[in-house]
$ cat data.tsv   # TSV, C-alpha atoms
chain	number	residue	atom	x	y	z
A	9	VAL	CA	98.10	202.68	256.60
A	10	MET	CA	98.19	205.32	253.90
A	11	VAL	CA	94.94	207.19	254.54
A	12	GLY	CA	93.77	206.08	257.97
A	13	SER	CA	90.30	204.79	257.05
A	14	GLN	CA	91.30	201.12	256.97
A	15	ASP	CA	92.91	201.52	260.41
A	16	GLU	CA	89.65	202.98	261.70
A	17	VAL	CA	87.61	200.00	260.45
A	18	TYR	CA	89.78	197.57	262.40
A	19	LYS	CA	89.83	199.83	265.45
A	20	ARG	CA	86.03	199.80	265.55
A	21	ILE	CA	85.77	196.03	265.38
A	22	GLY	CA	88.58	195.51	267.88
A	23	LYS	CA	90.80	193.52	265.54
A	24	GLN	CA	94.45	193.67	264.57
A	25	LEU	CA	95.14	195.22	261.20
A	26	PRO	CA	96.90	192.74	258.85
A	27	GLU	CA	100.62	193.26	258.62
A	28	ASN	CA	101.64	195.43	255.68
A	29	VAL	CA	104.70	194.36	253.74
A	30	CYS	CA	106.27	197.16	251.71
A	31	GLU	CA	107.46	195.67	248.44
A	32	TRP	CA	108.30	198.79	246.45
A	33	THR	CA	108.51	202.55	246.67
A	34	ASN	CA	107.77	205.26	244.15
A	35	SER	CA	111.52	205.57	243.46
A	36	GLY	CA	111.13	203.80	240.15
A	37	GLU	CA	111.93	204.65	236.57
A	38	LEU	CA	110.11	206.16	233.63
A	39	TYR	CA	110.69	205.04	230.03
A	40	LEU	CA	110.36	208.15	227.90
A	41	ASN	CA	111.64	208.96	224.40
A	42	GLY	CA	113.53	205.67	224.19
A	43	GLN	CA	115.40	206.08	227.49
A	44	TRP	CA	114.94	205.20	231.17
A	45	HIS	CA	114.77	208.11	233.62
A	46	LYS	CA	114.90	207.75	237.41
A	47	LEU	CA	111.86	209.40	238.98
A	48	ASP	CA	113.95	210.61	241.92
A	49	ASP	CA	116.34	212.37	239.53
A	50	MET	CA	113.44	214.08	237.78
A	51	ILE	CA	112.32	215.51	241.11
A	52	LYS	CA	115.85	216.54	242.14
A	53	ARG	CA	116.43	218.40	238.86
A	54	SER	CA	113.26	220.44	239.33
A	55	PHE	CA	112.77	220.22	243.08
A	56	GLU	CA	111.83	223.85	243.73
A	57	GLU	CA	109.31	223.93	240.90
A	58	PHE	CA	107.85	220.56	241.85
A	59	LEU	CA	107.50	221.71	245.46
A	60	ARG	CA	105.78	224.91	244.36
A	61	VAL	CA	103.17	223.07	242.27
A	62	TYR	CA	102.71	220.35	244.86
A	63	LYS	CA	102.45	222.68	247.87
A	64	ARG	CA	100.24	225.16	246.07
A	65	THR	CA	97.59	222.50	245.56
A	66	ALA	CA	97.96	219.60	247.98
A	67	ILE	CA	98.90	221.72	251.01
A	68	ASP	CA	97.61	225.27	250.61
A	69	LEU	CA	94.16	224.55	249.17
A	70	SER	CA	91.25	223.44	251.37
A	71	TYR	CA	89.39	220.21	250.58
A	72	GLU	CA	86.54	222.28	249.16
A	73	GLN	CA	88.95	224.10	246.83
A	74	VAL	CA	90.53	220.81	245.79
A	75	GLU	CA	87.09	219.42	244.94
A	76	ASP	CA	86.57	222.42	242.64
A	77	LEU	CA	89.30	220.81	240.47
A	78	ASP	CA	87.29	217.60	240.00
A	79	ASP	CA	86.35	218.39	236.42
A	80	ILE	CA	89.82	219.57	235.35
A	81	SER	CA	92.30	217.00	234.04
A	82	ILE	CA	95.67	216.71	235.76
A	83	GLU	CA	97.29	217.38	232.37
A	84	LYS	CA	95.54	220.71	231.94
A	85	TYR	CA	96.06	221.73	235.56
A	86	VAL	CA	99.80	221.03	235.61
A	87	ILE	CA	100.50	222.52	232.17
A	88	ASP	CA	98.59	225.65	233.22
A	89	THR	CA	100.66	225.76	236.42
A	90	THR	CA	104.20	225.08	235.17
A	91	ASP	CA	106.23	224.74	231.97
A	92	ASP	CA	108.88	222.50	233.59
A	93	GLN	CA	108.82	219.26	231.57
A	94	ASP	CA	110.20	217.12	234.41
A	95	VAL	CA	107.40	218.28	236.69
A	96	ILE	CA	104.80	217.72	233.97
A	97	ASN	CA	106.08	214.19	233.33
A	98	PHE	CA	106.14	213.38	237.04
A	99	PHE	CA	102.55	214.46	237.52
A	100	ARG	CA	101.60	212.42	234.47
A	101	TYR	CA	103.15	209.49	236.30
A	102	LEU	CA	101.22	210.32	239.50
A	103	GLY	CA	98.00	210.64	237.51
A	104	TRP	CA	98.56	207.17	236.19
A	105	LEU	CA	99.74	205.70	239.51
A	106	PHE	CA	96.73	206.85	241.50
A	107	GLY	CA	94.39	204.62	239.58
A	108	GLY	CA	94.39	206.78	236.51
A	109	THR	CA	92.41	206.81	233.39
A	110	LEU	CA	94.39	205.23	230.65
A	111	PRO	CA	94.51	205.04	227.67
A	112	ALA	CA	95.28	208.68	228.43
A	113	ALA	CA	96.98	208.92	231.82
A	114	THR	CA	96.69	212.66	231.49
A	115	ASP	CA	92.88	212.50	231.68
A	116	TYR	CA	92.94	211.79	235.41
A	117	SER	CA	90.91	214.24	237.50
A	118	ALA	CA	93.11	216.85	239.16
A	119	GLY	CA	90.68	217.09	242.08
A	120	SER	CA	90.71	213.35	242.63
A	121	LEU	CA	94.51	213.15	242.51
A	122	PHE	CA	95.18	216.05	244.87
A	123	TYR	CA	92.45	214.97	247.30
A	124	SER	CA	94.21	211.59	247.59
A	125	ILE	CA	97.60	213.23	248.11
A	126	LYS	CA	96.25	215.73	250.64
A	127	LYS	CA	94.56	212.99	252.65
A	128	GLN	CA	97.71	210.92	252.77
A	129	VAL	CA	99.90	213.90	253.70
A	130	GLU	CA	97.62	214.56	256.67
A	131	ALA	CA	97.79	210.89	257.73
A	132	ASN	CA	101.55	210.43	257.27
A	133	GLY	CA	103.05	213.90	257.48
A	134	HIS	CA	104.66	213.59	254.05
A	135	MET	CA	103.84	212.88	250.43
A	136	PRO	CA	103.05	209.20	249.76
A	137	THR	CA	106.30	207.48	248.83
A	138	GLN	CA	105.56	203.79	249.33
A	139	SER	CA	102.95	201.23	248.32
A	140	TYR	CA	102.01	198.28	250.46
A	141	TRP	CA	100.74	194.75	250.16
A	142	ALA	CA	98.97	192.95	252.99
A	143	LYS	CA	100.90	189.93	254.18
A	144	GLY	CA	98.99	186.91	252.94
A	145	GLY	CA	97.35	188.77	250.05
A	146	SER	CA	94.06	190.64	249.82
A	147	GLY	CA	92.24	187.72	251.47
A	148	ALA	CA	94.06	188.56	254.71
A	149	ILE	CA	92.23	191.90	254.83
A	150	ALA	CA	88.89	190.10	255.22
A	151	THR	CA	89.92	187.73	258.03
A	152	GLY	CA	89.36	190.16	260.91
A	153	LEU	CA	86.13	191.42	259.37
A	154	ILE	CA	84.73	187.90	259.09
A	155	GLU	CA	85.68	187.13	262.68
A	156	ALA	CA	83.96	190.29	263.94
A	157	ILE	CA	80.76	189.53	262.02
A	158	LYS	CA	80.54	186.01	263.46
A	159	GLU	CA	81.37	187.16	266.99
A	160	ASN	CA	78.46	189.62	266.82
A	161	GLY	CA	75.92	187.05	265.66
A	162	GLY	CA	76.31	187.57	261.92
A	163	GLU	CA	76.34	184.81	259.34
A	164	ILE	CA	78.63	184.51	256.34
A	165	ARG	CA	77.12	182.80	253.30
A	166	THR	CA	79.45	181.81	250.49
A	167	ASN	CA	78.45	180.63	247.01
A	168	THR	CA	75.07	182.29	247.55
A	169	ASN	CA	73.87	184.36	244.62
A	170	VAL	CA	71.53	187.26	245.36
A	171	SER	CA	68.78	187.21	242.78
A	172	ARG	CA	67.49	190.67	243.65
A	173	VAL	CA	66.98	193.20	246.41
A	174	VAL	CA	63.26	193.20	247.20
A	175	ILE	CA	61.85	196.73	247.32
A	176	ASP	CA	58.20	197.58	247.95
A	177	ASP	CA	56.72	201.07	247.97
A	178	GLY	CA	60.15	202.67	248.22
A	179	LYS	CA	61.31	200.53	251.15
A	180	VAL	CA	63.73	197.64	251.30
A	181	GLN	CA	62.04	194.42	252.41
A	182	GLY	CA	65.02	192.07	252.12
A	183	VAL	CA	66.72	189.97	249.46
A	184	GLU	CA	65.91	186.95	247.36
A	185	ILE	CA	68.72	184.42	247.08
A	186	GLU	CA	68.99	181.51	244.69
A	187	ASP	CA	67.93	178.30	246.41
A	188	GLY	CA	69.49	175.16	245.00
A	189	GLN	CA	72.30	174.25	242.65
A	190	ARG	CA	72.33	174.58	238.90
A	191	VAL	CA	72.83	171.34	237.03
A	192	VAL	CA	72.97	173.10	233.66
A	193	GLN	CA	73.88	176.73	232.97
A	194	MET	CA	70.46	177.73	231.62
A	195	GLN	CA	68.54	176.14	234.50
A	196	TYR	CA	66.03	178.33	236.35
A	197	VAL	CA	66.40	177.87	240.08
A	198	ASP	CA	63.94	178.80	242.81
A	199	THR	CA	64.63	181.69	245.18
A	200	ARG	CA	64.29	182.08	248.91
A	201	PHE	CA	63.36	185.34	250.64
A	202	ILE	CA	65.43	186.70	253.54
A	203	LYS	CA	63.71	189.57	255.36
A	204	ALA	CA	65.84	192.60	256.25
A	205	PRO	CA	65.03	196.29	256.81
A	206	VAL	CA	68.53	197.31	255.65
A	207	VAL	CA	70.56	196.06	252.69
A	208	ALA	CA	74.14	197.24	252.19
A	209	SER	CA	75.21	196.33	248.67
A	210	ALA	CA	78.93	195.98	247.96
A	211	VAL	CA	78.21	194.88	244.39
A	212	ALA	CA	80.36	196.80	241.93
A	213	ILE	CA	78.36	199.55	240.29
A	214	TRP	CA	78.92	198.02	236.84
A	215	ASP	CA	76.89	195.01	238.05
A	216	ILE	CA	74.33	196.95	240.10
A	217	PHE	CA	71.40	196.18	237.81
A	218	ASN	CA	72.04	192.46	238.33
A	219	ILE	CA	70.54	192.76	241.82
A	220	ILE	CA	68.44	195.93	241.72
A	221	SER	CA	65.49	196.25	239.36
A	222	GLU	CA	65.21	199.51	237.46
A	223	ASP	CA	61.44	199.21	237.93
A	224	ASP	CA	61.95	199.88	241.66
A	225	LEU	CA	63.89	203.10	241.08
A	226	SER	CA	62.88	206.58	240.05
A	227	PRO	CA	63.59	207.02	236.32
A	228	TRP	CA	66.06	209.86	236.93
A	229	TYR	CA	67.95	207.86	239.56
A	230	SER	CA	68.05	204.80	237.37
A	231	GLU	CA	69.50	206.94	234.58
A	232	ARG	CA	72.12	208.35	236.96
A	233	LEU	CA	73.24	204.83	237.87
A	234	ARG	CA	73.22	203.85	234.22
A	235	TYR	CA	75.48	206.80	233.36
A	236	LEU	CA	78.11	205.48	235.76
A	237	HIS	CA	77.65	201.76	235.76
A	238	ARG	CA	79.67	200.81	232.68
A	239	ASN	CA	82.14	203.73	232.66
A	240	THR	CA	84.83	201.38	233.86
A	241	LEU	CA	88.59	201.40	233.89
A	242	ASN	CA	89.47	198.03	232.36
A	243	LEU	CA	92.70	196.39	233.46
A	244	ALA	CA	94.87	193.90	231.55
A	245	THR	CA	97.78	192.18	233.29
A	246	VAL	CA	100.62	189.84	232.40
A	247	THR	CA	102.31	188.22	235.38
A	248	TYR	CA	105.62	186.31	235.31
A	249	ALA	CA	106.94	184.07	238.10
A	250	LEU	CA	110.69	184.31	238.69
A	251	ASP	CA	113.31	182.79	240.97
A	252	LYS	CA	116.43	184.83	240.15
A	253	GLU	CA	116.88	188.01	242.19
A	254	GLU	CA	118.88	189.88	239.54
A	255	LEU	CA	116.11	189.77	236.93
A	256	TRP	CA	114.24	192.72	238.44
A	257	ASP	CA	115.08	195.93	240.32
A	258	HIS	CA	112.74	195.78	243.32
A	259	SER	CA	113.20	199.41	244.39
A	260	GLY	CA	110.13	200.70	242.60
A	261	GLN	CA	107.79	200.65	239.65
A	262	ARG	CA	108.78	200.85	236.02
A	263	TRP	CA	106.45	203.09	234.05
A	264	VAL	CA	106.52	203.09	230.26
A	265	GLN	CA	104.92	206.25	228.90
A	266	GLU	CA	104.76	204.86	225.35
A	267	GLY	CA	105.47	201.24	224.48
A	268	PRO	CA	107.82	200.76	221.49
A	269	VAL	CA	105.31	198.45	219.71
A	270	SER	CA	101.94	199.06	221.40
A	271	GLY	CA	102.35	202.84	221.63
A	272	ARG	CA	100.51	202.63	224.97
A	273	PRO	CA	101.50	203.56	228.52
A	274	TRP	CA	101.89	200.64	230.96
A	275	CYS	CA	103.55	199.78	234.22
A	276	GLY	CA	105.36	196.95	236.02
A	277	SER	CA	106.29	196.08	239.60
A	278	SER	CA	107.34	193.09	241.67
A	279	LEU	CA	105.62	191.26	244.51
A	280	ARG	CA	107.39	188.75	246.72
A	281	TYR	CA	105.79	185.68	248.24
A	282	PHE	CA	105.81	186.28	251.99
A	283	ASP	CA	106.26	182.54	252.66
A	284	ASP	CA	108.81	181.86	249.90
A	285	LYS	CA	111.61	184.40	249.70
A	286	ASP	CA	113.28	182.65	246.76
A	287	HIS	CA	110.40	183.32	244.38
A	288	TYR	CA	108.57	186.45	243.33
A	289	GLN	CA	106.24	187.75	240.64
A	290	VAL	CA	106.60	190.62	238.23
A	291	SER	CA	103.26	191.98	237.09
A	292	PHE	CA	102.83	194.32	234.15
A	293	TRP	CA	99.54	196.10	233.75
A	294	ILE	CA	97.87	198.30	231.21
A	295	GLN	CA	94.64	200.25	231.65
A	296	LEU	CA	91.95	200.91	229.05
A	297	GLY	CA	88.88	203.11	228.86
A	298	TRP	CA	85.32	201.85	228.49
A	299	TRP	CA	84.98	203.67	225.14
A	300	GLU	CA	87.66	201.67	223.32
A	301	LYS	CA	88.26	198.11	222.21
A	302	PRO	CA	88.68	195.80	223.99
A	303	ASN	CA	85.97	196.65	226.53
A	304	PHE	CA	85.34	194.00	229.18
A	305	HIS	CA	81.58	194.47	228.99
A	306	GLU	CA	81.60	193.84	225.24
A	307	MET	CA	83.74	190.69	225.20
A	308	HIS	CA	80.88	188.61	223.77
A	309	LYS	CA	81.57	190.42	220.47
A	310	ALA	CA	84.14	189.05	218.04
A	311	SER	CA	85.69	192.47	217.38
A	312	HIS	CA	86.49	192.94	221.07
A	313	LYS	CA	87.98	189.44	221.31
A	314	ALA	CA	90.21	190.25	218.33
A	315	ALA	CA	91.18	193.59	219.89
A	316	LEU	CA	92.17	191.90	223.15
A	317	LYS	CA	94.32	189.36	221.30
A	318	LYS	CA	96.07	192.18	219.39
A	319	LEU	CA	96.56	194.17	222.60
A	320	PHE	CA	98.36	191.29	224.33
A	321	GLU	CA	100.48	190.53	221.25
A	322	ASP	CA	101.71	194.13	220.87
A	323	TRP	CA	102.11	194.71	224.58
A	324	GLU	CA	104.04	191.50	225.19
A	325	ALA	CA	106.31	192.53	222.31
A	326	ASP	CA	106.98	195.74	224.31
A	327	ILE	CA	107.81	193.70	227.40
A	328	LYS	CA	110.17	191.41	225.48
A	329	ILE	CA	112.06	194.42	224.09
A	330	LEU	CA	112.39	196.24	227.42
A	331	PHE	CA	112.62	193.28	229.83
A	332	PRO	CA	113.88	190.32	227.76
A	333	GLU	CA	115.38	188.46	230.73
A	334	VAL	CA	112.04	188.47	232.57
A	335	VAL	CA	110.30	186.83	229.62
A	336	GLU	CA	113.10	184.35	228.89
A	337	ASN	CA	113.50	183.18	232.50
A	338	ALA	CA	109.85	183.08	233.60
A	339	LEU	CA	108.76	179.87	235.37
A	340	TRP	CA	105.25	180.58	234.18
A	341	ALA	CA	103.17	183.47	232.85
A	342	ILE	CA	99.47	184.28	233.05
A	343	ARG	CA	97.26	186.92	231.42
A	344	SER	CA	94.09	188.49	232.81
A	345	PHE	CA	91.56	191.13	231.82
A	346	GLY	CA	88.65	192.70	233.68
A	347	PRO	CA	87.14	195.88	235.18
A	348	ALA	CA	89.08	197.57	237.98
A	349	SER	CA	87.03	200.61	238.99
A	350	ILE	CA	84.81	203.42	237.75
A	351	MET	CA	87.12	205.79	235.89
A	352	GLU	CA	88.25	208.92	237.70
A	353	THR	CA	88.01	211.24	234.75
A	354	PRO	CA	86.64	214.77	234.85
A	355	GLY	CA	82.87	214.44	234.89
A	356	ASN	CA	83.07	211.04	236.55
A	357	VAL	CA	84.17	211.87	240.10
A	358	GLY	CA	83.11	213.85	243.15
A	359	ARG	CA	79.57	215.13	243.12
A	360	LYS	CA	78.89	213.29	239.85
A	361	LEU	CA	78.96	209.98	241.75
A	362	VAL	CA	75.97	208.56	243.61
A	363	ASP	CA	75.56	208.83	247.37
A	364	ILE	CA	75.71	205.88	249.76
A	365	GLU	CA	72.00	206.15	250.55
A	366	ALA	CA	70.11	205.17	247.41
A	367	GLU	CA	67.84	208.04	246.38
A	368	GLY	CA	64.16	207.34	247.02
A	369	ILE	CA	64.76	203.88	248.57
A	370	GLU	CA	64.63	203.57	252.35
A	371	GLY	CA	67.08	201.04	253.74
A	372	LEU	CA	69.29	200.58	250.65
A	373	TYR	CA	72.95	201.53	250.97
A	374	LEU	CA	75.53	201.38	248.17
A	375	VAL	CA	78.95	200.74	249.66
A	376	GLY	CA	81.06	200.07	246.60
A	377	GLU	CA	84.28	202.10	246.43
A	378	ARG	CA	83.04	204.50	243.76
A	379	THR	CA	80.47	206.56	245.60
A	380	ASN	CA	80.58	210.23	246.49
A	381	ALA	CA	81.88	209.28	249.95
A	382	ALA	CA	84.89	207.45	248.52
A	383	LYS	CA	87.41	210.14	247.71
A	384	ILE	CA	90.17	207.60	247.15
A	385	THR	CA	90.02	204.44	245.06
A	386	GLY	CA	90.77	200.85	246.01
A	387	VAL	CA	90.76	199.33	249.48
A	388	TYR	CA	91.07	202.72	251.16
A	389	GLY	CA	88.10	204.11	249.26
A	390	SER	CA	86.05	201.05	250.18
A	391	ALA	CA	86.99	201.53	253.83
A	392	GLN	CA	85.95	205.19	253.72
A	393	THR	CA	82.57	204.24	252.26
A	394	ALA	CA	82.04	201.41	254.76
A	395	LEU	CA	82.70	203.74	257.71
A	396	LYS	CA	80.32	206.37	256.36
A	397	ALA	CA	77.63	203.74	255.66
A	398	CYS	CA	78.02	202.36	259.19
A	399	ASP	CA	77.54	205.82	260.70
A	400	LEU	CA	74.45	206.48	258.57
A	401	ILE	CA	72.85	203.14	259.41
A	402	LEU	CA	73.51	203.47	263.15
A	403	GLN	CA	71.99	206.96	263.13
A	404	LYS	CA	68.82	205.75	261.41
A	405	TYR	CA	68.55	202.43	263.21
A	406	PRO	CA	69.62	203.10	266.83
A	407	GLY	CA	68.51	199.62	267.87
A	408	VAL	CA	71.54	198.14	266.18
A	409	SER	CA	74.02	196.77	268.72
A	410	SER	CA	76.52	199.33	269.97
A	411	LYS	CA	79.22	196.76	269.18
A	412	ALA	CA	78.78	197.68	265.52
A	413	LYS	CA	80.28	201.08	266.31

$ encode --input "data.tsv" --output "structure tokens"
Amino acid sequence: VMVGSQDEVYKRIGKQLPENVCEWTNSGELYLNGQWHKLDDMIKRSFEEFLRVYKRTAIDLSYEQVEDLDDISIEKYVIDTTDDQDVINFFRYLGWLFGGTLPAATDYSAGSLFYSIKKQVEANGHMPTQSYWAKGGSGAIATGLIEAIKENGGEIRTNTNVSRVVIDDGKVQGVEIEDGQRVVQMQYVDTRFIKAPVVASAVAIWDIFNIISEDDLSPWYSERLRYLHRNTLNLATVTYALDKEELWDHSGQRWVQEGPVSGRPWCGSSLRYFDDKDHYQVSFWIQLGWWEKPNFHEMHKASHKAALKKLFEDWEADIKILFPEVVENALWAIRSFGPASIMETPGNVGRKLVDIEAEGIEGLYLVGERTNAAKITGVYGSAQTALKACDLILQKYPGVSSKAK
């Protein structure tokens, strides 16, 4: 796996890592100035200069030196390092690909990008060139974890809402869970207390105050969480189902730096069904910042609803212009919109993020992907955080079964 941390999780629990199915590489195309450009050709034209910029940062610098670039945008770093337009455009693409910070892909943190690349180079021996999907979808990732929890005496509760983490005098006491089913949406339901000296919260940081009361936190720590908790990267997608192989080039992503109607950058790639080789999906996605409309956390407001409608209209007009056969031959299409992660902009990464151990609260661990311990976003960042949290908990609570190691 790309950065090793997911492998380590499965190694510790003695389970087989889900099979990875490579569906596309980074040998895609970039739509720029009204034309498609092959990313591989961009690198070949400027290979020596690309290698110089890439090696200078991802190879020669130490992790500490890379982290010093956290608050510099990839745009500024690359433009200050080279005047080769192909190299600049390729790093713009990488900044976007690595979970970027659209609406301006160029705002991505240089430190965050090069840390990710450096980590993957060490794990694989080369620059990341492929992206993977777990066979069976993201749910397959959890199967081994669930089995390990049950085998070690744990219990999995589904459809169980945590009302709040109970904290008394700076110490975790356990959690309150909702007890009973709602008949109507506004119904108040009773809660039941489950005692626990340690609570590891995987709740996304933008929902953290749904389970943790600000009254139980130090004012400065509460403010630090509040600074981060709604600074989200919001993701809109349009997915088309297709059954004709020739409708899409499956070799890599297609990145549009500026849509002909929307004026926005967006991306598209394919995903095959592992159990149905005759059908596949093409998903297009576009990323938005928390400061603009539409913002997921403001969708109760009419202006944000109108902005989302306009976004899809303009963006789908882009798709129809650039990929008309996909739209015309789709078996079905579906739209979605929601938060994807805390944005990795300068000022919003590295040491600016919170630590796994909640400040001033004994026994509370925050294991969402966007903590200081998660240097890489997504599943791999979550795995990094989970491993670090496990080590911290085992050190503080040596009575925990050695099987947890």

$ closest_atom_pairs --input "data.tsv" --of "range 218-267 of chain A" --to "range 353-377 of chain A" --cutoff "8 Å" --atoms "all atoms listed in the file" --output "tab-separated table"
residue	atom	partner	partner_atom	distance
A:Leu225	CA	A:Gly368	CA	7.3
A:Ser226	CA	A:Gly368	CA	7.1
A:Tyr229	CA	A:Glu367	CA	6.8
A:Arg232	CA	A:Val362	CA	7.7
A:Leu233	CA	A:Val362	CA	7.4
A:Leu236	CA	A:Asn356	CA	7.5

$ residues_near_point --input "data.tsv" --point "(61.0, 199.0, 241.6)" --cutoff "12 Å" --atoms "only C-alpha atoms" --output "list in words"
Arg172, Val173, Val174, Ile175, Asp176, Asp177, Gly178, Lys179, Val180, Gln181, Phe217, Ile219, Ile220, Ser221, Glu222, Asp223, Asp224, Leu225, Ser226, Pro227, Tyr229, Ser230, Gly368 and Ile369 of chain A

$ atom_distance --input "data.tsv" --atom1 "CA of Arg272 in chain A" --atom2 "CA of Arg343 in chain A"
17.3 Å

$ residues_around --input "data.tsv" --residues "Asn169 in chain A" --least-positions-apart "3" --cutoff "12 Å" --atoms "all atoms listed in the file" --output "list in words"
Arg165, Thr166, Arg172, Val173, Val183, Glu184, Ile185, Glu186, Asp187, Gly188, Gln189, Arg190, Val197, Asp198, Thr199, Arg200, Val211, Asn218 and Ile219 of chain A

$ atom_distance --input "data.tsv" --atom1 "CA of Leu250 in chain A" --atom2 "CA of Ala315 in chain A"
28.6 Å

$ atom_distance --input "data.tsv" --atom1 "CA of Tyr71 in chain A" --atom2 "CA of Glu352 in chain A"
17.2 Å

$ closest_residue --input "data.tsv" --among "A:Ile80, A:Ile149, A:Trp44, A:Ser209" --to "Val170 in chain A" --atoms "all atoms listed in the file"
A:Ser209

$ axis_aligned_box --input "data.tsv" --around "range 252-256 of chain A" --padding-each-side "6 Å" --output "AutoDock Vina command-line options"
--center_x 116.6 --center_y 188.8 --center_z 239.6 --size_x 16.6 --size_y 19.9 --size_z 17.3

$ residues_near_point --input "data.tsv" --point "(100.5, 229.0, 238.9)" --cutoff "9 Å" --atoms "all atoms listed in the file" --output "ChimeraX atom specification"
/A:60-61,64,86,88-90

$ residues_around --input "data.tsv" --residues "Ser270 in chain A" --least-positions-apart "3" --cutoff "9 Å" --atoms "all atoms listed in the file" --output "list in words"
Glu266, Gly267, Pro273, Leu319, Glu321, Asp322, Trp323, Glu324, Ala325 and Asp326 of chain A

$ closest_residue --input "data.tsv" --among "A:Val17, A:Val246, A:Ile342, A:Met307" --to "Asp399 in chain A" --atoms "all atoms listed in the file"
A:Val17

$ closest_residue --input "data.tsv" --among "A:Tyr281, A:Tyr288, A:Trp263, A:Tyr62" --to "Lys46 in chain A" --atoms "all atoms listed in the file"
A:Trp263

$ closest_residue --input "data.tsv" --among "A:Gly119, A:Gly346, A:Gly133, A:Pro268" --to "Leu40 in chain A" --atoms "all atoms listed in the file"
A:Pro268

$ closest_residue --input "data.tsv" --among "A:Tyr405, A:Trp214, A:His312, A:Asn160" --to "Tyr235 in chain A" --atoms "only C-alpha atoms"
A:Trp214

$ closest_residue --input "data.tsv" --among "A:Ala314, A:Ile329, A:Ile125, A:Ala249" --to "Ala341 in chain A" --atoms "only C-alpha atoms"
A:Ala249

$ decode --input "data.tsv" --residues "range 229-242 of chain A" --atoms "N, CA and C atoms" --output "compact mmCIF listing (two decimals), in the first residue's frame"
# COMPACT_ATOMS: atom_id res chain seq x y z
N TYR A 229 -8.57 25.75 24.27
CA TYR A 229 -8.59 24.52 23.47
C TYR A 229 -9.88 24.42 22.67
N SER A 230 -10.94 24.85 23.27
CA SER A 230 -12.22 24.89 22.55
C SER A 230 -12.12 25.80 21.34
N GLU A 231 -11.44 26.94 21.51
CA GLU A 231 -11.28 27.88 20.40
C GLU A 231 -10.39 27.29 19.31
N ARG A 232 -9.39 26.51 19.71
CA ARG A 232 -8.51 25.88 18.73
C ARG A 232 -9.29 24.87 17.88
N LEU A 233 -10.15 24.09 18.53
CA LEU A 233 -10.99 23.16 17.79
C LEU A 233 -11.95 23.91 16.88
N ARG A 234 -12.49 25.00 17.41
CA ARG A 234 -13.46 25.76 16.62
C ARG A 234 -12.79 26.37 15.38
N TYR A 235 -11.55 26.76 15.49
CA TYR A 235 -10.82 27.31 14.34
C TYR A 235 -10.77 26.31 13.20
N LEU A 236 -10.58 25.03 13.56
CA LEU A 236 -10.43 23.99 12.54
C LEU A 236 -11.74 23.39 12.09
N HIS A 237 -12.73 23.34 12.96
CA HIS A 237 -13.79 22.34 12.81
C HIS A 237 -14.69 22.57 11.61
N ARG A 238 -14.78 23.77 11.07
CA ARG A 238 -15.59 23.97 9.88
C ARG A 238 -14.77 24.47 8.69
N ASN A 239 -13.44 24.36 8.79
CA ASN A 239 -12.57 24.74 7.67
C ASN A 239 -12.44 23.56 6.70
N THR A 240 -13.57 23.16 6.15
CA THR A 240 -13.61 21.93 5.38
C THR A 240 -13.40 22.13 3.88
N LEU A 241 -12.89 21.08 3.28
CA LEU A 241 -12.86 20.95 1.83
C LEU A 241 -14.17 20.27 1.45
N ASN A 242 -15.03 20.96 0.72
CA ASN A 242 -16.33 20.41 0.35
C ASN A 242 -16.26 19.82 -1.05
